[in-house]
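> Before I ask anything, here is the structure I am working with.
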Amino acid sequence: MPEKKKYEKTFEEAIARLEEIVRLLESGNTPLDKSLSLFEEGTALVKQCNDQLDSAEQKIKKLVQRQDDGYDAEDFGTDKN
């Protein structure tokens with residue numbers, strides 16, 4: 001049985017936290033153990049953001065003009081060649 005995820009941040013919250021982590025790490029004032037902890041948190045947030053972006057991409061539809069000037073919705077990335 002897969003482990004339940006901890007509270008997931010919204011995409012915007014995750015990006016804001018990532019920006020904060022980068023600022024802390026770039027400051028050079030963070031102790032090594034705290035830096036490692038922040039790095040681990042950051043990598044988890046990057047994975048979460050990538051998963052959210054992948055999910056959103058799957059939902060995107062593109063409109064394809066039919067010969068009769070109407071439109072059909074088609075999954076993003078689908079080619080009709």
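Ligands are numbered from 1 in the order shown, chains are lettered A, B, ... in the order of the structure tokens, and residues start at 1 in each chain.
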What's around range 33-40 of chain A at 12 Å? Count only C-alpha atoms, leave out sequence neighbours fewer than 2 positions away in its own chain, and write the answer as a PyMOL selection string.
chain A and resi 17-31+42-47
> So the first atom is CA of Gln48 in chain A and the second is CA of Thr10 in chain A; what is the distance between them in Å, to one decimal place?
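CA of Thr10 in chain A lies 9.3 Å from CA of Gln48 in chain A.
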> Got a sec to tell me which of range 2-34 of chain A DSSP assigns to alpha helix (DSSP H), as number ranges by chain?
A: 11-27, 32-34
> Store the residues picked out above in a file with C-alpha atoms, as a PDB file, in the first residue's frame.

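Once written, part10.pdb looks like this:
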ATOM      1  CA  PHE A  11       1.769  24.989  -7.102  1.00  0.00           C
ATOM      2  CA  GLU A  12       2.063  28.658  -6.173  1.00  0.00           C
ATOM      3  CA  GLU A  13       2.888  27.877  -2.526  1.00  0.00           C
ATOM      4  CA  ALA A  14       5.527  25.366  -3.616  1.00  0.00           C
ATOM      5  CA  ILE A  15       7.163  27.865  -5.987  1.00  0.00           C
ATOM      6  CA  ALA A  16       7.190  30.540  -3.274  1.00  0.00           C
ATOM      7  CA  ARG A  17       8.783  28.108  -0.820  1.00  0.00           C
ATOM      8  CA  LEU A  18      11.368  27.086  -3.438  1.00  0.00           C
ATOM      9  CA  GLU A  19      12.272  30.742  -3.945  1.00  0.00           C
ATOM     10  CA  GLU A  20      12.673  31.130  -0.182  1.00  0.00           C
ATOM     11  CA  ILE A  21      14.886  28.021  -0.008  1.00  0.00           C
ATOM     12  CA  VAL A  22      17.082  29.333  -2.828  1.00  0.00           C
ATOM     13  CA  ARG A  23      17.496  32.672  -1.041  1.00  0.00           C
ATOM     14  CA  LEU A  24      18.478  30.915   2.187  1.00  0.00           C
ATOM     15  CA  LEU A  25      20.966  28.627   0.454  1.00  0.00           C
ATOM     16  CA  GLU A  26      22.472  31.445  -1.606  1.00  0.00           C
ATOM     17  CA  SER A  27      22.943  33.630   1.462  1.00  0.00           C
ATOM     18  CA  LEU A  32      25.475  22.690   6.670  1.00  0.00           C
ATOM     19  CA  ASP A  33      22.877  20.472   8.371  1.00  0.00           C
ATOM     20  CA  LYS A  34      20.136  23.058   7.761  1.00  0.00           C
TER      21      LYS A  34
END
